[in-house]
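Next comes work_15.cif, with mmCIF, C-alpha atoms and all ligand atoms.
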```
data_query
#
loop_
_atom_site.label_atom_id
_atom_site.label_comp_id
_atom_site.auth_asym_id
_atom_site.auth_seq_id
_atom_site.Cartn_x
_atom_site.Cartn_y
_atom_site.Cartn_z
CA MET A 1 88.81 107.25 53.28
CA ALA A 2 89.25 106.21 49.64
CA ILE A 3 89.61 109.29 47.40
CA LYS A 4 88.10 109.00 43.95
CA ARG A 5 90.12 109.96 40.87
CA TYR A 6 88.57 111.24 37.67
CA GLN A 7 89.67 111.31 34.04
CA LYS A 8 87.52 114.35 33.32
CA PRO A 9 87.42 117.79 34.99
CA SER A 10 85.27 117.66 38.12
CA ALA A 11 82.25 119.81 38.95
CA LEU A 12 80.08 120.41 42.00
CA ASP A 13 76.52 121.59 41.25
CA LEU A 14 75.01 123.75 44.05
CA PHE A 15 71.22 124.29 43.87
CA CYS A 16 71.05 121.50 41.31
CA GLY A 17 67.23 121.30 41.01
CA SER A 18 66.19 118.55 38.62
CA GLY A 19 69.72 118.37 37.20
CA ALA A 20 69.64 120.47 34.02
CA VAL A 21 73.01 122.05 34.80
CA SER A 22 74.51 118.65 35.58
CA LEU A 23 73.22 117.35 32.24
CA GLY A 24 74.80 120.24 30.32
CA LEU A 25 78.07 119.81 32.24
CA LYS A 26 78.19 116.10 31.45
CA GLN A 27 77.41 116.77 27.79
CA ALA A 28 80.38 119.16 27.70
CA GLY A 29 82.68 116.53 29.22
CA PHE A 30 82.66 117.27 32.96
CA GLU A 31 82.43 114.65 35.68
CA VAL A 32 79.72 115.92 38.05
CA VAL A 33 80.87 114.61 41.41
CA GLY A 34 78.39 116.19 43.79
CA ALA A 35 75.19 118.22 44.00
CA VAL A 36 73.02 119.94 46.63
CA ASP A 37 69.32 120.79 46.68
CA LEU A 38 66.53 120.58 49.24
CA ASP A 39 63.47 120.10 47.04
CA VAL A 40 62.19 116.53 47.35
CA GLY A 41 60.57 116.36 43.90
CA ALA A 42 63.55 117.90 42.11
CA CYS A 43 65.94 115.58 43.98
CA THR A 44 63.90 112.52 42.93
CA THR A 45 64.20 113.64 39.33
CA TYR A 46 67.89 114.40 39.83
CA ARG A 47 68.66 110.93 41.22
CA ALA A 48 66.80 109.17 38.42
CA ASN A 49 68.83 110.95 35.74
CA HIS A 50 72.20 111.22 37.53
CA PRO A 51 72.37 108.15 39.78
CA GLU A 52 76.17 108.20 39.90
CA VAL A 53 76.37 111.69 41.46
CA LYS A 54 76.55 112.18 45.23
CA LEU A 55 73.43 114.27 45.87
CA VAL A 56 73.05 115.83 49.30
CA GLU A 57 69.33 116.50 49.75
CA LYS A 58 69.39 119.17 52.45
CA ASP A 59 69.11 122.88 53.08
CA ILE A 60 72.50 124.15 51.92
CA ARG A 61 72.82 126.07 55.19
CA GLU A 62 73.10 122.69 56.92
CA VAL A 63 75.59 121.23 54.44
CA SER A 64 79.29 121.35 55.13
CA ALA A 65 81.79 121.45 52.25
CA GLY A 66 83.56 118.52 53.93
CA ASP A 67 80.50 116.37 53.16
CA PHE A 68 81.99 116.06 49.66
CA ASP A 69 85.56 115.19 50.68
CA ASP A 70 84.99 111.57 49.68
CA VAL A 71 84.09 112.44 46.09
CA ILE A 72 86.38 115.39 45.44
CA PRO A 73 89.95 114.41 44.69
CA GLY A 74 91.79 117.22 46.46
CA LYS A 75 91.19 119.75 43.72
CA LEU A 76 87.79 120.77 42.38
CA ASP A 77 87.79 122.16 38.84
CA LEU A 78 84.39 123.86 38.72
CA LEU A 79 81.87 125.07 41.29
CA VAL A 80 78.43 125.97 39.87
CA VAL A 81 76.16 128.26 41.91
CA CYS A 82 72.56 128.58 40.62
CA ALA A 83 70.90 129.99 43.72
CA PRO A 84 67.13 130.65 43.54
CA CYS A 85 66.48 133.68 41.35
CA GLN A 86 63.02 134.68 42.60
CA PRO A 87 64.35 137.22 45.12
CA PHE A 88 65.99 139.18 42.26
CA SER A 89 63.45 138.55 39.51
CA SER A 90 61.69 141.58 38.00
CA GLN A 91 58.42 139.66 38.43
CA ASN A 92 58.88 139.26 42.17
CA ARG A 93 56.44 141.35 44.16
CA TYR A 94 58.35 140.98 47.41
CA LYS A 95 61.33 143.01 48.45
CA LYS A 96 64.53 141.03 48.16
CA ASP A 97 65.64 142.20 51.59
CA ASN A 98 62.67 140.38 53.11
CA ASP A 99 63.38 137.16 51.30
CA ALA A 100 65.47 134.69 53.26
CA ARG A 101 66.65 133.17 49.96
CA SER A 102 68.54 136.38 49.11
CA ASN A 103 71.62 135.34 51.03
CA LEU A 104 71.93 131.84 49.61
CA VAL A 105 74.68 132.93 47.18
CA GLU A 106 76.79 133.47 50.29
CA GLN A 107 76.49 129.78 51.07
CA SER A 108 78.84 128.99 48.21
CA LYS A 109 81.74 130.67 50.08
CA LYS A 110 82.33 127.69 52.37
CA PHE A 111 82.76 125.45 49.28
CA ILE A 112 85.12 127.95 47.64
CA ILE A 113 87.26 128.20 50.79
CA HIS A 114 87.35 124.44 51.27
CA PHE A 115 87.96 123.27 47.66
CA GLU A 116 89.49 126.36 45.97
CA PRO A 117 87.90 125.45 42.62
CA SER A 118 89.72 126.66 39.48
CA ILE A 119 86.46 128.19 38.24
CA VAL A 120 83.44 129.55 40.07
CA PHE A 121 80.41 129.93 37.79
CA LEU A 122 77.27 131.72 38.91
CA GLU A 123 74.03 132.00 36.92
CA ASN A 124 71.03 134.10 37.88
CA VAL A 125 68.56 136.69 36.61
CA PRO A 126 70.11 140.02 35.52
CA GLY A 127 68.59 141.72 38.59
CA LEU A 128 71.15 140.08 40.85
CA ALA A 129 74.00 142.07 39.26
CA SER A 130 72.73 145.35 40.72
CA THR A 131 72.47 144.13 44.30
CA ASP A 132 74.86 144.53 47.22
CA ILE A 133 74.82 140.75 47.57
CA PHE A 134 76.40 140.50 44.13
CA SER A 135 79.00 143.25 44.55
CA ASN A 136 79.98 141.94 47.99
CA PHE A 137 80.34 138.44 46.58
CA SER A 138 82.46 139.63 43.61
CA GLU A 139 84.71 141.63 45.93
CA TRP A 140 85.04 138.68 48.26
CA LEU A 141 86.08 136.48 45.32
CA GLY A 142 88.74 139.06 44.42
CA ARG A 143 90.10 139.04 47.97
CA ALA A 144 90.12 135.22 47.85
CA GLY A 145 92.57 135.44 44.91
CA TYR A 146 90.12 135.02 42.01
CA GLU A 147 90.19 136.95 38.77
CA VAL A 148 86.58 137.99 38.35
CA ALA A 149 84.97 138.80 34.99
CA LYS A 150 82.37 141.54 34.63
CA PRO A 151 78.86 140.06 34.87
CA MET A 152 77.78 138.98 31.39
CA ARG A 153 74.21 139.20 30.07
CA ILE A 154 73.48 136.26 27.88
CA ASP A 155 70.31 135.09 26.11
CA ALA A 156 69.75 131.33 25.89
CA SER A 157 68.52 131.84 22.32
CA GLU A 158 72.11 132.73 21.32
CA LEU A 159 73.24 129.36 22.62
CA GLY A 160 71.07 126.98 20.61
CA VAL A 161 67.95 127.16 22.80
CA ALA A 162 64.58 128.05 21.18
CA GLN A 163 63.77 130.44 23.99
CA ARG A 164 64.34 134.03 25.05
CA ARG A 165 65.85 133.59 28.49
CA ILE A 166 68.12 136.45 29.47
CA ARG A 167 70.47 135.56 32.25
CA MET A 168 73.43 137.05 34.05
CA ILE A 169 76.48 134.90 34.41
CA LEU A 170 79.57 135.49 36.45
CA ILE A 171 82.83 133.65 35.87
CA ALA A 172 85.72 133.82 38.34
CA VAL A 173 88.97 131.91 37.85
CA LYS A 174 92.10 131.02 39.76
CA GLY A 175 95.10 129.66 37.87
CA VAL A 176 93.31 129.34 34.52
CA SER A 177 92.64 131.76 31.68
CA LEU A 178 89.63 134.04 32.24
CA GLU A 179 89.66 134.95 28.55
CA LYS A 180 89.31 131.31 27.52
CA ALA A 181 86.68 130.55 30.15
CA SER A 182 84.57 133.52 29.02
CA ASN A 183 84.93 132.83 25.30
CA ILE A 184 81.47 131.34 24.85
CA ALA A 185 80.70 130.40 21.24
CA ARG A 186 77.34 131.69 19.96
CA ILE A 187 75.15 129.19 18.11
CA GLY A 188 72.38 130.04 15.59
CA LYS A 189 68.79 130.45 16.77
CA LYS A 190 66.34 127.58 16.87
CA THR A 191 62.59 128.09 16.53
CA VAL A 192 59.56 126.74 18.37
CA GLY A 193 58.55 124.89 15.19
CA GLN A 194 61.92 123.09 14.99
CA LEU A 195 61.49 121.84 18.54
CA ILE A 196 57.84 120.86 18.91
CA ARG A 197 56.12 120.77 15.52
CA ASP A 198 56.61 117.01 15.11
CA LEU A 199 54.76 116.15 18.35
CA PRO A 200 51.32 114.57 17.94
CA THR A 201 48.16 116.36 19.09
CA PRO A 202 48.11 115.49 22.80
CA PRO A 203 45.23 113.82 24.62
CA ILE A 204 43.42 115.82 27.32
CA GLY A 205 44.28 115.04 30.94
CA ARG A 206 47.25 113.32 32.52
CA ASN A 207 45.65 109.89 32.74
CA ALA A 208 45.19 109.87 28.97
CA ALA A 209 48.90 110.39 28.32
CA ARG A 210 49.84 106.79 27.59
CA GLU A 211 52.61 107.25 24.99
CA ASP A 212 54.46 110.05 26.76
CA PRO A 213 53.64 110.91 30.40
CA LEU A 214 54.50 114.59 29.80
CA HIS A 215 52.56 115.07 26.58
CA TYR A 216 48.96 115.79 27.54
CA SER A 217 46.88 118.93 27.44
CA ARG A 218 45.56 120.63 30.56
CA ARG A 219 41.77 120.62 30.89
CA HIS A 220 40.79 124.15 29.91
CA SER A 221 37.38 125.59 30.80
CA LEU A 222 34.96 126.03 27.89
CA LEU A 223 35.31 129.78 28.38
CA ASN A 224 39.09 129.65 27.98
CA ILE A 225 38.78 127.44 24.90
CA GLU A 226 36.45 130.04 23.44
CA ARG A 227 38.96 132.75 24.32
CA LEU A 228 41.75 130.84 22.62
CA SER A 229 39.62 130.45 19.48
CA HIS A 230 39.83 134.26 19.11
CA ILE A 231 43.61 134.41 19.39
CA PRO A 232 45.29 134.56 15.96
CA VAL A 233 47.63 131.67 15.11
CA ASN A 234 51.32 132.28 15.91
CA GLY A 235 50.67 135.33 18.07
CA GLY A 236 47.98 137.52 19.59
CA SER A 237 47.38 138.04 23.28
CA ARG A 238 44.52 138.84 25.66
CA GLN A 239 44.22 142.13 23.76
CA SER A 240 42.92 140.11 20.78
CA LEU A 241 39.84 139.09 22.79
CA PRO A 242 36.45 140.62 22.02
CA PRO A 243 35.23 142.82 24.93
CA HIS A 244 32.74 140.25 26.23
CA LEU A 245 35.54 137.67 26.69
CA GLN A 246 38.02 139.97 28.36
CA LEU A 247 38.69 139.43 32.04
CA THR A 248 37.53 142.21 34.33
CA CYS A 249 40.97 142.35 35.95
CA HIS A 250 42.55 142.93 32.50
CA LYS A 251 40.17 145.59 31.23
CA ASN A 252 41.93 148.44 33.00
CA SER A 253 45.49 147.15 32.85
CA ARG A 254 46.38 146.87 29.15
CA ARG A 255 49.98 147.82 29.81
CA SER A 256 50.59 145.45 32.69
CA SER A 257 53.57 143.10 32.59
CA PHE A 258 51.11 140.29 31.89
CA SER A 259 50.07 141.70 28.51
CA ASP A 260 51.18 138.47 26.78
CA THR A 261 48.67 136.26 28.60
CA TYR A 262 46.48 134.12 26.33
CA GLY A 263 48.99 134.74 23.52
CA ARG A 264 50.30 131.97 21.30
CA MET A 265 53.90 131.08 20.58
CA SER A 266 54.94 131.31 16.93
CA TRP A 267 56.30 128.40 14.90
CA ASP A 268 58.95 130.64 13.35
CA ASP A 269 60.15 132.45 16.45
CA ILE A 270 61.75 131.57 19.77
CA SER A 271 59.46 131.04 22.77
CA PRO A 272 59.17 133.55 25.62
CA THR A 273 60.98 132.77 28.87
CA LEU A 274 59.49 129.63 30.36
CA THR A 275 58.65 130.09 34.02
CA THR A 276 57.22 127.66 36.55
CA GLY A 277 53.79 128.65 35.12
CA CYS A 278 54.80 127.72 31.58
CA THR A 279 51.79 125.47 30.91
CA ASP A 280 49.25 128.05 32.06
CA ILE A 281 47.83 130.43 29.43
CA THR A 282 46.92 132.94 32.16
CA LYS A 283 50.59 133.31 33.16
CA GLY A 284 52.13 134.35 29.83
CA ARG A 285 52.45 133.58 26.11
CA TYR A 286 52.11 129.88 26.71
CA ALA A 287 49.41 128.86 24.20
CA HIS A 288 50.26 126.48 21.36
CA PRO A 289 50.95 128.20 18.00
CA VAL A 290 47.82 126.78 16.33
CA GLN A 291 45.90 124.50 18.73
CA ASN A 292 43.47 125.86 21.34
CA ARG A 293 45.43 124.80 24.41
CA ALA A 294 48.46 125.60 26.53
CA ILE A 295 51.72 123.90 25.65
CA THR A 296 52.25 120.52 27.31
CA LEU A 297 54.99 119.67 29.79
CA ARG A 298 56.75 117.78 26.98
CA GLU A 299 56.68 120.85 24.76
CA ALA A 300 57.98 122.96 27.65
CA ALA A 301 60.74 120.42 28.36
CA ARG A 302 61.80 120.46 24.71
CA LEU A 303 61.79 124.27 24.59
CA GLN A 304 64.07 124.15 27.63
CA SER A 305 66.28 121.75 25.58
CA PHE A 306 65.73 118.65 27.74
CA PRO A 307 66.03 115.47 25.67
CA ASP A 308 62.90 113.28 25.61
CA ASN A 309 64.65 110.54 27.59
CA TYR A 310 65.13 112.83 30.61
CA VAL A 311 62.63 111.58 33.21
CA PHE A 312 60.71 113.85 35.57
CA PHE A 313 59.02 112.91 38.84
CA GLY A 314 56.21 114.71 40.67
CA ASN A 315 52.76 116.05 39.95
CA ALA A 316 52.09 118.46 37.07
CA SER A 317 52.93 121.61 39.01
CA GLN A 318 56.10 120.07 40.49
CA VAL A 319 57.28 119.05 37.02
CA ALA A 320 56.42 122.50 35.61
CA MET A 321 58.46 123.99 38.46
CA GLN A 322 61.43 121.72 37.71
CA ILE A 323 61.27 122.61 34.01
CA GLY A 324 60.69 126.34 34.54
CA ASN A 325 63.47 126.64 37.13
CA ALA A 326 66.05 124.88 34.98
CA VAL A 327 69.05 126.40 33.29
CA PRO A 328 68.51 125.04 29.76
CA PRO A 329 70.94 122.09 29.48
CA GLU A 330 71.97 123.22 25.98
CA MET A 331 72.83 126.68 27.31
CA MET A 332 74.90 125.10 30.06
CA ARG A 333 76.59 122.75 27.59
CA SER A 334 77.70 125.72 25.45
CA ILE A 335 79.02 127.65 28.44
CA ALA A 336 80.66 124.57 29.99
CA THR A 337 82.52 123.90 26.74
CA SER A 338 84.48 127.14 27.17
CA LEU A 339 84.97 126.55 30.91
CA LYS A 340 86.41 123.14 30.14
CA ALA A 341 88.71 124.56 27.44
CA ALA A 342 90.15 126.94 30.05
CA ILE A 343 90.73 124.13 32.55
CA GLN A 344 92.44 121.86 30.04
CA THR A 345 95.03 124.35 28.78
C1 LIG A 401 67.02 128.23 40.02
S1 LIG A 401 66.74 126.68 40.74
C2 LIG A 401 68.15 125.78 40.20
C3 LIG A 401 67.95 125.11 38.92
C4 LIG A 401 68.96 124.07 38.58
N1 LIG A 401 70.31 124.57 38.60
C5 LIG A 401 68.63 123.45 37.24
O1 LIG A 401 69.35 123.73 36.29
O2 LIG A 401 67.62 122.75 37.15
C6 LIG A 401 67.14 126.93 42.43
C7 LIG A 401 67.14 125.69 43.27
O3 LIG A 401 67.56 126.05 44.58
C8 LIG A 401 66.95 125.13 45.46
N2 LIG A 401 67.02 125.71 46.81
C9 LIG A 401 66.33 126.78 47.30
N3 LIG A 401 66.68 127.02 48.57
C10 LIG A 401 67.62 126.09 48.90
C11 LIG A 401 68.36 125.82 50.08
N4 LIG A 401 68.22 126.57 51.18
N5 LIG A 401 69.22 124.78 50.07
C12 LIG A 401 69.39 124.01 48.97
N6 LIG A 401 68.71 124.23 47.81
C13 LIG A 401 67.84 125.25 47.78
C14 LIG A 401 65.55 124.97 44.91
O4 LIG A 401 64.96 123.78 45.37
C15 LIG A 401 65.80 125.00 43.41
O5 LIG A 401 65.88 123.70 42.89
#
```
Just dump the structure as structure tokens.
Amino acid sequence: MAIKRYQKPSALDLFCGSGAVSLGLKQAGFEVVGAVDLDVGACTTYRANHPEVKLVEKDIREVSAGDFDDVIPGKLDLLVVCAPCQPFSSQNRYKKDNDARSNLVEQSKKFIIHFEPSIVFLENVPGLASTDIFSNFSEWLGRAGYEVAKPMRIDASELGVAQRRIRMILIAVKGVSLEKASNIARIGKKTVGQLIRDLPTPPIGRNAAREDPLHYSRRHSLLNIERLSHIPVNGGSRQSLPPHLQLTCHKNSRRSSFSDTYGRMSWDDISPTLTTGCTDITKGRYAHPVQNRAITLREAARLQSFPDNYVFFGNASQVAMQIGNAVPPEMMRSIATSLKAAIQT
């Protein structure tokens, strides 16, 4: 078997989704040599943007680390583990113990044993840090000879992304400096206006989006358009609605976690965390700062720091899922810059 050799540090991207992490890694100077995900839509997007990467489109439980022997030259520099975060998300209504996805972090162990990467990088929602899954995994890394940093809370808005997206990251190293790898440079905040203000008013409906397939407005009901007309520019929420336009389900739950619904983003602020429902005004503060509509998929992609030439495949909800699930590429680029500095010294 011919073994490939790389000029740049190598990375393997587990749970790669549509490839946002891979994009950030490449921007920071990594060679992404392999990736794993099982979602058909996300994998189609991944392949279109990263055709040179060996993508194994399978349930990770059925993937063997040896499947990447042909693309990993003996030593792997970086293993990225972005397992699904829903089981640990504060918005998840289901108990994590009942969610089969909870143990997917464990799946990374076979890759760590097989390739002994210099750095293991894990990203997830902060809720993961207080679980047994996380402490068992950290302890296991320690026993496997890794120096393990304390879990770090980091907001994407500190790393050049126009979005509040608080994440937990874990860095573990073997044979390289943990201090250097964890020395992530903070970048000044960007605002919603800086990212999306220049976009033209979008047409309504996907078929009308001729210039840019992602830049079209959802078809809102007349009632929702009327509701939006009562929401003050750059803010507000469902609590700004006159009583006759309030939803019955909201009337008695003013302090629910969905208090931001129907709210607008603000030109001069960062956006809220974009979820897979990020183009739905009933799922959060996802209305445009001044127009009576939800943000478009293009606006969501930009707020997640995807460049406009990144192509997405799938229907509207599949693309919203790919965008909402992504680690913002710019966040990953910033983090990967310090990981790479540690590897190269
Ligand atoms: C949080 S998302 C990862 C996002 C990705 N790193 C990015 O930046 O776009 C989690 C991913 O795990 C994938 N996934 C869930 N269960 C899986 C499994 N059993 N095997 C492989 N991938 C899985 C999902 O399809 C999803 O794309």
Can you pull out every residue within 8 Å of range 332-341 of chain A, counting all atoms listed in the file, but drop anything in the same chain fewer than 3 positions away, and send it as a compact mmCIF listing (two decimals) with C-alpha atoms, keeping the file's coordinate frame?
```txt
# COMPACT_ATOMS: atom_id res chain seq x y z
CA PRO A 9 87.42 117.79 34.99
CA VAL A 21 73.01 122.05 34.80
CA LEU A 23 73.22 117.35 32.24
CA GLY A 24 74.80 120.24 30.32
CA LEU A 25 78.07 119.81 32.24
CA LYS A 26 78.19 116.10 31.45
CA GLN A 27 77.41 116.77 27.79
CA ALA A 28 80.38 119.16 27.70
CA GLY A 29 82.68 116.53 29.22
CA PHE A 30 82.66 117.27 32.96
CA ILE A 119 86.46 128.19 38.24
CA LEU A 159 73.24 129.36 22.62
CA LYS A 180 89.31 131.31 27.52
CA ALA A 181 86.68 130.55 30.15
CA SER A 182 84.57 133.52 29.02
CA ASN A 183 84.93 132.83 25.30
CA ILE A 184 81.47 131.34 24.85
CA ALA A 185 80.70 130.40 21.24
CA VAL A 327 69.05 126.40 33.29
CA PRO A 328 68.51 125.04 29.76
CA PRO A 329 70.94 122.09 29.48
CA GLN A 344 92.44 121.86 30.04
CA THR A 345 95.03 124.35 28.78
```
Judged by only C-alpha atoms, the minimum distance to Ala300 in chain A among A:Met168, A:Val173, A:Ala162, A:Val233 is found for A:Ala162
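Among the candidate residues A:Asn234, A:Ser22, A:Thr282, A:Ser138, the one lying nearest to ligand LIG 401 (chain A) is A:Ser22, with distances computed using all atoms listed in the file.
Restricting the calculation to all atoms listed in the file, the smallest distance between Phe258 in chain A and any of A:Lys58, A:Arg218, A:Arg238, A:His244 is found for A:Arg238.
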Surroundings of ligand LIG 401 (chain A) up to 6 Å, based on all atoms listed in the file, as a PyMOL selection string
chain A and resi 15-21+36-39+58-60+82-85+325-327
Nearby residues, (46.8, 131.5, 30.4) file frame, 6 Å, all atoms listed in the file, as a PDB file with C-alpha atoms, in the frame of the given file:
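result_19.pdb written:
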```
ATOM      1  CA  THR A 261      48.670 136.260  28.600  1.00  0.00           C
ATOM      2  CA  TYR A 262      46.480 134.120  26.330  1.00  0.00           C
ATOM      3  CA  ASP A 280      49.250 128.050  32.060  1.00  0.00           C
ATOM      4  CA  ILE A 281      47.830 130.430  29.430  1.00  0.00           C
ATOM      5  CA  THR A 282      46.920 132.940  32.160  1.00  0.00           C
ATOM      6  CA  LYS A 283      50.590 133.310  33.160  1.00  0.00           C
TER       7      LYS A 283
END
```
With only C-alpha atoms as the basis for distance, which of A:Ala35, A:Ala342, A:Leu14, A:Leu245 is at the shortest distance from Ser177 in chain A?
A:Ala342
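Within the 7 Å cut-off around His215 in chain A, using only C-alpha atoms and omitting residues fewer than 2 positions from it on the same chain, the listed residues are Pro202, Ala209, Asp212, Pro213, Ser217, Thr296, Leu297 and Arg298 of chain A.
With distances restricted to only C-alpha atoms, A:Gln291 is the closest residue to Thr201 in chain A from A:Gln291, A:Gln318, A:Thr131, A:Gln7.
Those residues that approach Thr275 in chain A to within 9 Å, counting all atoms listed in the file, are Lys283, Gly284, Ala320, Met321, Ile323, Gly324 and Asn325 of chain A; same-chain residues fewer than 6 positions away are not listed.
The nearest approach to Leu12 in chain A among the residues A:Asp268, A:Asp198, A:Asp77, A:Glu299, with all atoms listed in the file taken into account, belongs to A:Asp77.
The spacing separating CA of Ile270 in chain A from CA of Ser157 in chain A amounts to 7.2 Å.
Note that CA of Phe313 in chain A and CA of Pro203 in chain A are 19.8 Å apart.
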Take the point (64.4, 133.6, 31.9) in the file's coordinates, draw a sphere of radius 6 Å around it, and report as JSON, numbers by chain every protein, DNA or RNA residue with an atom inside or on it, counting all atoms listed in the file.
{"A": [165, 166, 273]}
